[in-house]
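Participant: What follows is a structure written as structure tokens; I'll ask about it next.
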Amino acid sequence: KLFGNNYIYAICGDGDLMEGVSSEAASIAGHLKLGNIIYFYDDNGITIEGHTDLTFSEDVGKRFESYGWHVLRADAYNHDEIRKAIVAAQNEKEKPTLIITKSVIGFGSPNKFNTHEVHGSPLGKDELIATKKNLNWPEDKEFYVPDEVEKLFVSRKNELKKIYNDWIDEFDKWKKSDTEKADLFNKYLNQYLPDNLEEELLAAAPKEPNATRSLSSKVIQKIAQLVPNFVGGSADLSPSTNTMMNGFASIAPGKFEGRNFHFGIREHGMGSILNGITLYGGFKAFGATFFVFSDYMRPTIRLAAIMQIPVIYVFTHDSIFVGEDGPTHQPVEHLAALRSIPNSTVFRPADGIETAMAWAFALRHKDGPVSLILSRQKIEAFERDNDFKPSDVLKGAYIVSKESGNKLDLIIAASGSEVPVAADAKKLLSDLSVRVVSIPSREVLNKQSEEYKEKLFPANVPVVVIEAATMTGWGDTFRQKLLTIGMEGFGASGPYKTLAEKFGFTGNQVAEKVKKWF
């Protein structure tokens with residue numbers, strides 16, 4: 001058997017298992033009966049502040065048993081016990097395994113062993129010498145590898161070379177005997193995308209105005225047909241995020257041929273799982289939830305950005321226009337928070353064309369996470385100039401409608417649901433020559449050439465930016481005279497059209513603000 005025989009090992013400590021994400025991840029691993037996962041829990045009972053009995057008195061073994069894990073124990077310093085535990089863990093096919101090893105932190109140090117002083121600090125020169133003496137280690141050597149250890153690793157390396165070469169021989173035979181599956185395997189490994197991806201997704205995106213989460217759903221169905229290794233799911237919100245891939249099975253215990261994940265209400269765990277799937281290779285993975293819940297998974301987004309891995313996030317219900325759910329569910333500061341993460345790309349599309357192209361960008365992007373920010377409510381239609389090209393969306397910003405005549409008085413820019421508001425405001429500012437610009441991605445715009453940015457936003461022309469969010473960061477993008485129309489506090493509970501009136505996001509209100517400012 002060529003595939004599916006490998007194991008995923010993790011080493012974790014007391015602090016790791018205190019963090020909430022460990023519960024989320026372990027819970028779903030137990031539910032899915034992932035027998036190829038093996039954790040080593042280095043239980044040394046020490047954290048930065050001192051002994052763990054300050055804050056941590058639960059029975060970790062029983063906790064993991066309740067998740068459906070296989071729990072074993074081994075002496076941290078007994079190689080035979082550790083080996084037997086690993087073999088027992090590998091033989092357990094229906095449960096992930098936790099191997100608890102009780103150890104002493106700072107082992108060998110005469111004065112600092114079993115204390116928090118050695119948790120995050122070096123031993124120091126004197127204690128290092130004392131430790132070497134205590135362990136009968138050569139005092140005059142640093143970074144020392146004994147000959148017998150080097151020989152052991154060389155021997156093991158040679159064993160693994162033979163195993164690898166035998167596997168390659170079998171793999172080559174398999175490729176010739178089953179060319180169809182071999183071709184599919186190749187597509188997985190090489191992250192295959194069709195050359196005409198953009199055209200296919202544009203054709204799939206509805207032309208009539210709708211909520212961008214609904215438009216995105218149509219695009220997702222087409223991606224599922226075109227991209228065989230496209231997998232993903234939602235944190236118990238697929239009916240609302242519209243991310244279920246129709247016609248494909250769900251992943252469940254013992255059933256891994258599906259492509260739809262049910263992550264449960266575990267956003268932090270979902271983000272971690274997406275990182276793991278992407279790092280493992282072979283899959284293009286996405287996860288979805290309400291935008292306000294991106295707070296729960298931001299550490300994993302940041303890690304994806306640091307590791308430069310192309311995880312895709314689908315965040316719906318993107319602004320105060322969530323409506324009646326009120327301020328607890330209305331993201332306000334979240335756009336600014338995601339945009340502030342280096343190497344993180346955010347797209348907030350305004351219609352089907354922008355949604356399709358945002359998905360195409362996310363699928364082709366290779367060196368960092370991409371977040372698609374989608375609306376709950378229908379976004380009204382807006383007209384573009386005849387010379388518009390869908391590929392312009394991939395530049396992060398483009399001209400929706402040009403100014404009248406040769407003189408440009410003002411630029412009104414917006415993203416997502418505020419683009420039609422900008423277009424409406426322009427109609428009411430007939431005494432001014434106004435250009436409307438859509439900015440679906442500020443990060444992508446900022447990477448364009450100075451020539452392109454100057455063409456869209458000439459340095460001497462005032463700019464108005466509209467976004468139903470806090471406006472942090474727009475002053476970094478625009479150095480010219482700037483008016484920001486956004487949120488300065490939290491939202492309120494009410495129908496989205498009522499909220500638009502209350503918070504000043506109508507074409508008439510924007511036009512009046514511009515007149516007073518201009």
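Following the order of the structure tokens, first chain is A, next is B, and so on, with residues numbered from 1 inside each chain and ligands from 1 in the order they appear.
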Find the spatial neighbours of A:Ser234, counting only C-alpha atoms, within a cut-off of 7 Å - ignore same-chain residues fewer than 5 positions away - and output them as a list in words.
Facilitator: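 The neighbour list is Phe261, His262, Phe263, Gly287, Ala288 and Thr289 of chain A.
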Participant: Generate the output file for the selected residues, C-alpha atoms, as an mmCIF file, in the first residue's frame.
Facilitator:
data_model
loop_
_atom_site.group_PDB
_atom_site.id
_atom_site.type_symbol
_atom_site.label_atom_id
_atom_site.label_comp_id
_atom_site.auth_asym_id
_atom_site.auth_seq_id
_atom_site.Cartn_x
_atom_site.Cartn_y
_atom_site.Cartn_z
ATOM 1 C CA PHE A 261 -15.584 19.573 6.393
ATOM 2 C CA HIS A 262 -17.833 20.119 9.398
ATOM 3 C CA PHE A 263 -15.500 21.849 11.854
ATOM 4 C CA GLY A 287 -12.612 27.593 6.069
ATOM 5 C CA ALA A 288 -15.674 29.756 6.621
ATOM 6 C CA THR A 289 -17.405 31.569 9.459
#
Participant: Counting only C-alpha atoms, what is within 12 Å of A:Pro342, bar same-chain residues fewer than 6 positions away, as a VMD selection string?
Facilitator: chain A and resid 301 to 308 336 367 to 370 443
Participant: Which residues are close to A:Glu200, i.e. within 10 Å by only C-alpha atoms, leaving aside same-chain residues fewer than 3 positions away? Reply as a ChimeraX atom specification.
Facilitator: /A:194-197,203-205,219,222-223,226,356,360
Participant: If we count only C-alpha atoms, what is near A:Thr52 at a cut-off of 12 Å, once residues fewer than 5 positions away on the same chain are taken out, given as a list in words?
Facilitator: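 With the cut-off at 12 Å, the set is Gly13, Asp14, Gly15, Leu17, Met18, Asp43, Asn44, Gly45, Ile46, Thr47, Ser57, Glu58, Asn114, Thr115 and His116 of chain A.
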Participant: Please save C-alpha atoms of the selected residues as a PDB file, in the first residue's frame.
Facilitator:
ATOM      1  CA  GLY A  13       3.733  20.473  26.969  1.00  0.00           C
ATOM      2  CA  ASP A  14       1.637  21.602  29.900  1.00  0.00           C
ATOM      3  CA  GLY A  15       1.142  25.087  28.489  1.00  0.00           C
ATOM      4  CA  LEU A  17      -2.690  21.649  26.726  1.00  0.00           C
ATOM      5  CA  MET A  18      -3.919  24.584  28.824  1.00  0.00           C
ATOM      6  CA  ASP A  43       4.371  16.503  31.478  1.00  0.00           C
ATOM      7  CA  ASN A  44       7.081  18.252  33.481  1.00  0.00           C
ATOM      8  CA  GLY A  45       4.719  20.277  35.666  1.00  0.00           C
ATOM      9  CA  ILE A  46       6.477  23.618  35.117  1.00  0.00           C
ATOM     10  CA  THR A  47       5.454  26.841  33.367  1.00  0.00           C
ATOM     11  CA  SER A  57      -5.005  20.399  38.349  1.00  0.00           C
ATOM     12  CA  GLU A  58      -7.157  18.493  35.841  1.00  0.00           C
ATOM     13  CA  ASN A 114      12.436  21.004  38.315  1.00  0.00           C
ATOM     14  CA  THR A 115      12.218  24.807  38.602  1.00  0.00           C
ATOM     15  CA  HIS A 116      10.719  27.504  36.402  1.00  0.00           C
TER      16      HIS A 116
END
Participant: Can you tell me, as a ChimeraX atom specification, which residues in stretch 125-282 of chain A count as alpha helix (DSSP H) by DSSP?
Facilitator: /A:125-134,147-177,179-189,197-204,212-226,238-241,267-280
Participant: Based on the backbone DSSP call, show me all residues of stretch 73-172 of chain A assigned strand (DSSP E or B), as a PyMOL selection string.
Facilitator: chain A and resi 73-75+97-102
Participant: Would you please work out which residue, of A:Glu451, A:Asp409, A:Glu488, A:Asp166, is nearest to A:Phe518 when using only C-alpha atoms?
Facilitator: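 Comparing A:Glu451, A:Asp409, A:Glu488, A:Asp166 against A:Phe518, the winner is A:Asp409.
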Participant: What lies within 7 Å of stretch 392-403 of chain A using only C-alpha atoms, ignoring chain neighbours under 6 positions off, as an MDAnalysis selection string?
Facilitator: chainID A and resid 354 357 361 384:385 433:442 444:445 448 456
